[in-house]
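Asker: What follows is a single structure, and I will ask about it in a moment.
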Amino acid sequence: MIRKGLIFSYIATVLVLALATIVEKAHGTSFVHQYWYGSWWFTLLWAILVAFSVAWMVRCRMRRWQLVLLHASFVVILAGALLTKLTGSKGVMHLRQHKVTDVYIAKGSDGGEIERHLPFTVRLDRFDVSYHEGTDAASDYQSQLTIVDGDNKRGGVVAMNKILSYRNYRFYQSGFDEDMRGTVLSVNSDPYGIPVTYVGYALLFFSLIYMLIDPKGTFRQLLRTLNAKPSPRVLLFLLLSSALSTAHAAPTVPRESADKFGRLNILYNNRICPVQTYALDFTKKLCGKRHYDNLSAEQVLLGFIFWGDEWNREPIMKIKGGEAKMCLGWDSQMAPAYFFNKAMGGYILAPYVQEYYNGNNDGLHKQVAQIDDKLMLIMELRQGLSLKMFPTKAGATWVAPVQNEGTKSESGEQFFSTLYRDALSADWHHFDSVVDDVAKYQQTHGGASLPTNMQGTAERIYNNVPFATILFMSNLTLGFLMLFWMIVRMARPVRRTWESAFFAILNVLAWLALTACMVLRWIASGDVPVSNGYETMLFLAWLVMLISIIGYVRTSRHVDSEGNILTVGNLLVLFSFLLSGFFLLVSHISQMDPKIGHMMPVLNSPLLTIHVSIIMMAYALLSITFLCSLTYALLSVLKKKNATEQLYVLSRLFLYPAMTCLGLGIFIGAIWANVSWGEYWSWDPKETWALITLMVYAVPLHGTSLPIMRRPRVYHLYMALAFLTILMTYFGVNYFLGGMHSYA
């Protein structure tokens with residue numbers, strides 16, 4: 001009865017959590033927090049799950065202290081959450097400069113707003129916004145406060161990732177007024193819930209790590225088993241296709257002069273970067289590639305600047321999808337000038353764009369809106385609005401030769417007038433000397449806003465080498481070749497082959513290339529490259545390759561006595577090529593934004609890097625268990641019984657460290673959230689699905705309570721289906737459910 005009740009309540013909890021995210025998408029965050037997460041029955045559901053879990057542990061007479069500690073940690077965490085719900089208080093305080101108040105607004109039990117009072121008063125002395133040098137991208141928000149408690153006064157600063165605590169109340173920076181004379185602070189009082197919750201986190205972290213180092217634990221036993229037995233064979237099939245196009249290009253600046261111009265700096269995407277970066281993004285947005293015909297991105301950019309009419313007649317714009325082609329008769333490549341036709345009323349897209357912004361979001365209108373964005377890029381460039389290349393006031397701001405607001409750079413106007421004359425007269429020697437003068441002007445007036453020489457060099461190298469594109473093609477190609485080699489060798493086994501070491505060396509070289517890519521991106525941006533979907537996909541590919549290298553080195557000394565060259569090491573190298581190639585392919589073809597940018601102030605915390613890194617490690621390890629399950633299915637058809645048995649061991653070997661990383665990553669993220677905005681768990685869709693993933697993958701670890709999970713066929717089927725939760729957590733939330741963790 002207890003066992004059935006535990007299983008039922010566990011499944012019900014997972015389903016309720018999943019359904020809650022769908023309800024939130026349909027009815028909004030406020031609705032689901034009031035009638036779902038904040039309801040009495042939701043709390044009761046967790047209480048029932050805890051009761052059955054404790055009863056089952058007593059029934060089974062669990063004696064191993066580390067397992068008792070692991071399960072008890074979750075009970076303590078839930079107890080802390082209950083204390084937060086019952087005794088905690090959270091609200092918002094609005095302060096105006098030099099005004100004193102003790103009032104903050106909190107949410108009542110009915111979802112409405114109620115006014116509460118602090119046992120002391122708070123005064124805003126000053127509010128400041130710090131910006132990245134030379135840009136209007138905020139780097140931090142700071143509120144300087146004075147707390148008055150009777151005869152006692154205390155000054156303090158609240159900033160992003162910097163809490164001000166006083167008498168069990170914590171203040172977090174939340175927002176500010178447009179006139180910069182007011183601030184919005186989050187107020188949190190949770191004197192009992194947070195300490196208990198943090199004790200639960202500490203117990204969980206300790207027990208998860210000990211699970212991997214326990215000499216008598218299952219993980220260490222699996223390691224010994226793996227070292228003693230031969231490894232499985234593998235069969236996996238993938239498909240990849242690509243298309244190339246060529247075009248005839250209009251006149252432009254010679255490549256050498258264009259490259260020199262690309263080394264200048266520009267304010268783009270709220271940071272100072274090489275013009276080359278802007279040129280690459282401009283060209284990719286127009287024609288979908290880093291170049292046009294045989295011309296570089298810098299040549300395309302300068303072509304539109306100096307020969308705008310000719311380039312407007314060039315079929316450079318790539319038209320994606322079929323709606324516009326079918327409905328409007330457009331080609332795959334269109335010239336910008338086509339969309340401006342006096343005989344057809346001027347700008348022919350205007351009616352469609354207006355309908356799009358009025359709410360018509362079908363495929364045709366979405367595509368027209370994308371084309372309109374491309375045309376706006378060209379118009380801004382031809383008007384000079386996007387060429388913010390000239391620093392003023394010692395680099396405090398960077399402006400274009402002409403600005404919409406009426407401000408402009410007279411020096412910039414003179415420079416571009418001279419460059420225009422040199423371009424038309426083909427005086428490239430003088431053109432280069434003027435570019436040198438612009439570079440000197442930037443160095444003289446740019447001040448601290450200029451990137452360092454190392455940053456500039458790193459970004460140019462990063463721009464010149466399309467790492468992700470090259471590596472996704474090479475890794476998938478090598479994966480196919482290794483797969484073919486392994487299939488051939490399955491028919492004619494030999495004791496040793498040089499090909500095995502050759503593929504392993506190529507895997508190391510690919511990993512080093514991806515490492516160089518991420519290091520260059522790190523240097524160029526100044527931030528650890530884990531802040532968006534594109535960067536986390538690169539990091540996930542990097543982790544998969546690193547895991548395979550470590551695994552290959554560890555297992556390469558174990559040789560199959562039967563001469564089977566399909567060792568665990570070879571299997572890991574194959575998985576590395578295919579998985580990393582797939583992740584890099586996703587980053588290449590999806591809507592993820594590869595642009596380098598400044599990190600938002602709230603994300604500028606070392607805890608974020610730790611949180612994302614460990615979570616990505618867990619996803620990488622669980623991805624390998626998924627491939628093990630697919631391989632098991634294929635080998636079962638081939639009736640390779642010995643190999644399928646070893647796949648079960650290999651998959652479980654990856655499952656244990658994956659669960660450790662997943663548990664650590666989720667709750668380190670909770671600590672970061674509490675430090676940053678005063679709420680360690682907000683039931684955001686990605687948080688919820690990460691918890692679902694943890695609960696789903698925890699099931700196969702309970703082989704004693706669930707003997708069915710010790711059957712390889714059932715285990716692998718379950719692990720293959722469990723991978724859907726990872727896809728939902730990473731991609732489904734990003735593109736369908738949304739939320740503050742969404743990268744889409």
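Chain labels A, B, ... are given in the sequence in which chains occur in the structure tokens; within each chain residues are numbered consecutively from 1, and ligands are likewise numbered from 1 in the order shown.
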Using only C-alpha atoms, what table do you get, as CSV, when you list each residue of range 87-115 of chain A with an atom no more than 10 Å from range 176-186 of chain A, its nearest pair of atoms, and their distance in Å rounded to one decimal, rows by chain then rising number?
Answerer:
residue,atom,partner,partner_atom,distance
A:Lys90,CA,A:Ser186,CA,7.3
A:Gly91,CA,A:Ser186,CA,5.9
A:Val92,CA,A:Ser186,CA,4.6
A:Met93,CA,A:Leu185,CA,5.1
A:His94,CA,A:Val184,CA,4.6
A:Leu95,CA,A:Thr183,CA,5.4
A:Arg96,CA,A:Gly182,CA,4.2
A:Gln97,CA,A:Arg181,CA,5.4
A:His98,CA,A:Arg181,CA,9.1
A:Lys99,CA,A:Gly182,CA,9.5
A:Tyr104,CA,A:Ser186,CA,8.8
A:Ile105,CA,A:Ser186,CA,9.5
A:Ala106,CA,A:Ser186,CA,9.8
Asker: Find the residues near Ser576 in chain A: any atom within 6 Å, counting only C-alpha atoms, skip ones fewer than 4 places away on the same chain, and give them as a list in words.
Answerer: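 Contacts, in chain order: Val544, Met545, Ser548, Leu572 and Ser580 of chain A.
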Asker: Per DSSP on the backbone, what are the strand (DSSP E or B) residues of range 359-550 of chain A, as a ChimeraX atom specification?
Answerer: /A:390-392,397-399
Asker: Write down as a VMD selection string the residues of range 293-529 of chain A whose backbone DSSP state falls under alpha helix (DSSP H).
Answerer: chain A and resid 297 to 306 308 to 312 323 to 328 350 to 357 363 to 382 410 to 425 428 to 446 453 to 464 467 to 491 498 to 525
Asker: Could you dump the residues just selected with C-alpha atoms as a CSV table (one decimal), in the first residue's frame?
Answerer:
chain,number,residue,atom,x,y,z
A,297,ALA,CA,31.6,41.3,-45.5
A,298,GLU,CA,33.6,44.6,-45.2
A,299,GLN,CA,33.5,45.0,-49.0
A,300,VAL,CA,29.7,44.5,-49.0
A,301,LEU,CA,29.3,47.1,-46.2
A,302,LEU,CA,31.5,49.7,-48.1
A,303,GLY,CA,29.8,48.9,-51.3
A,304,PHE,CA,26.4,50.0,-49.8
A,305,ILE,CA,28.1,53.1,-48.3
A,306,PHE,CA,29.8,54.4,-51.4
A,308,GLY,CA,24.4,52.6,-52.7
A,309,ASP,CA,22.4,52.8,-56.0
A,310,GLU,CA,24.3,50.0,-57.7
A,311,TRP,CA,24.1,47.8,-54.6
A,312,ASN,CA,20.4,48.4,-54.2
A,323,GLU,CA,4.9,32.0,-48.6
A,324,ALA,CA,6.3,35.2,-50.3
A,325,LYS,CA,7.5,33.2,-53.3
A,326,MET,CA,4.1,31.5,-53.8
A,327,CYS,CA,1.9,34.5,-53.0
A,328,LEU,CA,3.9,37.4,-54.4
A,350,ALA,CA,4.0,49.1,-46.5
A,351,PRO,CA,0.5,47.5,-46.5
A,352,TYR,CA,1.8,44.1,-45.4
A,353,VAL,CA,4.0,45.6,-42.7
A,354,GLN,CA,1.0,47.6,-41.4
A,355,GLU,CA,-1.2,44.5,-41.3
A,356,TYR,CA,1.6,42.6,-39.5
A,357,TYR,CA,1.8,45.2,-36.7
A,363,GLY,CA,3.7,33.1,-42.4
A,364,LEU,CA,3.5,35.6,-45.2
A,365,HIS,CA,3.3,38.7,-43.0
A,366,LYS,CA,6.1,37.4,-40.7
A,367,GLN,CA,8.3,37.0,-43.7
A,368,VAL,CA,7.5,40.4,-45.0
A,369,ALA,CA,8.3,41.9,-41.6
A,370,GLN,CA,11.7,40.1,-41.7
A,371,ILE,CA,12.4,41.6,-45.2
A,372,ASP,CA,11.3,45.0,-43.8
A,373,ASP,CA,13.9,44.7,-41.1
A,374,LYS,CA,16.6,44.0,-43.7
A,375,LEU,CA,15.6,47.0,-45.7
A,376,MET,CA,15.7,49.2,-42.6
A,377,LEU,CA,19.3,48.1,-42.0
A,378,ILE,CA,20.2,49.3,-45.5
A,379,MET,CA,18.4,52.6,-45.1
A,380,GLU,CA,20.1,53.3,-41.7
A,381,LEU,CA,23.5,52.5,-43.2
A,382,ARG,CA,23.0,54.7,-46.3
A,410,GLU,CA,31.8,67.0,-37.8
A,411,SER,CA,35.1,65.2,-37.9
A,412,GLY,CA,33.3,62.0,-39.0
A,413,GLU,CA,31.5,63.9,-41.7
A,414,GLN,CA,34.8,65.2,-43.0
A,415,PHE,CA,36.4,61.8,-42.9
A,416,PHE,CA,33.6,60.1,-44.8
A,417,SER,CA,33.5,62.9,-47.4
A,418,THR,CA,37.1,62.3,-48.1
A,419,LEU,CA,36.7,58.6,-48.2
A,420,TYR,CA,33.8,59.0,-50.6
A,421,ARG,CA,35.9,61.0,-53.0
A,422,ASP,CA,38.8,58.6,-52.8
A,423,ALA,CA,36.5,55.6,-53.4
A,424,LEU,CA,34.9,57.2,-56.5
A,425,SER,CA,38.3,58.2,-57.9
A,428,TRP,CA,43.2,53.6,-52.7
A,429,HIS,CA,46.5,54.8,-51.3
A,430,HIS,CA,44.9,58.0,-50.0
A,431,PHE,CA,41.8,56.0,-48.9
A,432,ASP,CA,44.1,53.9,-46.7
A,433,SER,CA,45.8,57.0,-45.2
A,434,VAL,CA,42.4,58.5,-44.3
A,435,VAL,CA,41.4,55.2,-42.6
A,436,ASP,CA,44.7,55.4,-40.6
A,437,ASP,CA,43.7,59.0,-39.6
A,438,VAL,CA,40.3,57.7,-38.4
A,439,ALA,CA,42.1,55.0,-36.3
A,440,LYS,CA,44.3,57.7,-34.7
A,441,TYR,CA,41.2,59.8,-34.0
A,442,GLN,CA,39.6,56.9,-32.3
A,443,GLN,CA,42.6,56.2,-30.2
A,444,THR,CA,43.0,59.8,-29.2
A,445,HIS,CA,39.3,60.4,-28.2
A,446,GLY,CA,38.1,56.9,-27.4
A,453,ASN,CA,44.5,45.3,-28.2
A,454,MET,CA,44.0,41.7,-26.9
A,455,GLN,CA,40.2,42.1,-27.1
A,456,GLY,CA,40.3,43.5,-30.6
A,457,THR,CA,42.7,40.8,-31.9
A,458,ALA,CA,40.6,38.1,-30.3
A,459,GLU,CA,37.4,39.3,-31.9
A,460,ARG,CA,39.0,39.6,-35.3
A,461,ILE,CA,40.3,36.1,-35.1
A,462,TYR,CA,36.9,34.9,-33.9
A,463,ASN,CA,35.2,36.7,-36.8
A,464,ASN,CA,37.6,35.3,-39.4
A,467,PHE,CA,34.4,27.8,-35.7
A,468,ALA,CA,30.8,26.5,-35.1
A,469,THR,CA,30.2,26.1,-38.8
A,470,ILE,CA,33.4,24.3,-39.5
A,471,LEU,CA,33.2,22.1,-36.4
A,472,PHE,CA,29.6,21.0,-36.9
A,473,MET,CA,30.4,19.8,-40.5
A,474,SER,CA,33.7,18.2,-39.6
A,475,ASN,CA,32.4,16.5,-36.4
A,476,LEU,CA,29.3,15.0,-38.1
A,477,THR,CA,31.4,13.9,-41.1
A,478,LEU,CA,34.0,12.3,-38.8
A,479,GLY,CA,31.1,10.7,-36.9
A,480,PHE,CA,29.8,9.1,-40.1
A,481,LEU,CA,33.2,7.9,-41.1
A,482,MET,CA,33.9,6.4,-37.7
A,483,LEU,CA,30.5,4.7,-37.8
A,484,PHE,CA,31.2,3.2,-41.2
A,485,TRP,CA,34.7,2.1,-40.0
A,486,MET,CA,33.1,0.4,-36.9
A,487,ILE,CA,30.5,-1.4,-39.0
A,488,VAL,CA,33.2,-2.7,-41.3
A,489,ARG,CA,35.4,-3.9,-38.4
A,490,MET,CA,32.4,-5.6,-36.8
A,491,ALA,CA,32.5,-8.1,-39.6
A,498,TRP,CA,45.8,2.7,-36.0
A,499,GLU,CA,42.4,4.1,-36.9
A,500,SER,CA,41.1,4.1,-33.3
A,501,ALA,CA,43.9,6.4,-32.1
A,502,PHE,CA,43.6,8.5,-35.3
A,503,PHE,CA,39.9,9.3,-34.5
A,504,ALA,CA,40.7,9.9,-30.9
A,505,ILE,CA,43.4,12.5,-31.9
A,506,LEU,CA,41.0,14.2,-34.3
A,507,ASN,CA,38.5,14.4,-31.4
A,508,VAL,CA,41.1,16.1,-29.3
A,509,LEU,CA,41.9,18.5,-32.1
A,510,ALA,CA,38.3,19.4,-32.6
A,511,TRP,CA,37.9,20.0,-28.8
A,512,LEU,CA,41.0,22.3,-28.9
A,513,ALA,CA,39.4,24.2,-31.7
A,514,LEU,CA,36.2,24.7,-29.9
A,515,THR,CA,38.1,25.6,-26.8
A,516,ALA,CA,39.9,28.3,-28.8
A,517,CYS,CA,36.5,29.5,-30.1
A,518,MET,CA,35.1,29.9,-26.6
A,519,VAL,CA,38.3,31.5,-25.2
A,520,LEU,CA,38.3,34.1,-28.0
A,521,ARG,CA,34.6,34.9,-27.4
A,522,TRP,CA,35.4,35.2,-23.6
A,523,ILE,CA,38.2,37.6,-24.2
A,524,ALA,CA,36.3,39.7,-26.7
A,525,SER,CA,33.2,40.1,-24.5
Asker: Find the distance between CA of Gln142 in chain A and CA of Glu113 in chain A and write it in Å to one decimal.
Answerer: 26.4 Å
Asker: Select, from A:Gly447, A:Phe626, A:Leu647, A:Ala658, the residue with the minimum atom-to-atom distance to Ile614 in chain A, counting only C-alpha atoms.
Answerer: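 When distances to Ile614 in chain A are compared using only C-alpha atoms, the smallest one comes from A:Ala658.
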Asker: Can you pull out every residue within 9 Å of range 674-676 of chain A, counting only C-alpha atoms, but drop anything in the same chain fewer than 2 positions away, and send it as a list in words?
Answerer: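 Near neighbours after the sequence-gap exclusion: Met160, Asn161, Lys162, Ile163, Tyr172, Gln173, Val602, Leu603, Ser605, Gly669, Ala670, Ile671, Trp672, Gly678, Glu679, Tyr680 and Trp681 of chain A.
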Asker: If you measure from CA of Ile114 in chain A to CA of Val187 in chain A, what distance in Å do you get, rounded to one decimal?
Answerer: 13.7 Å
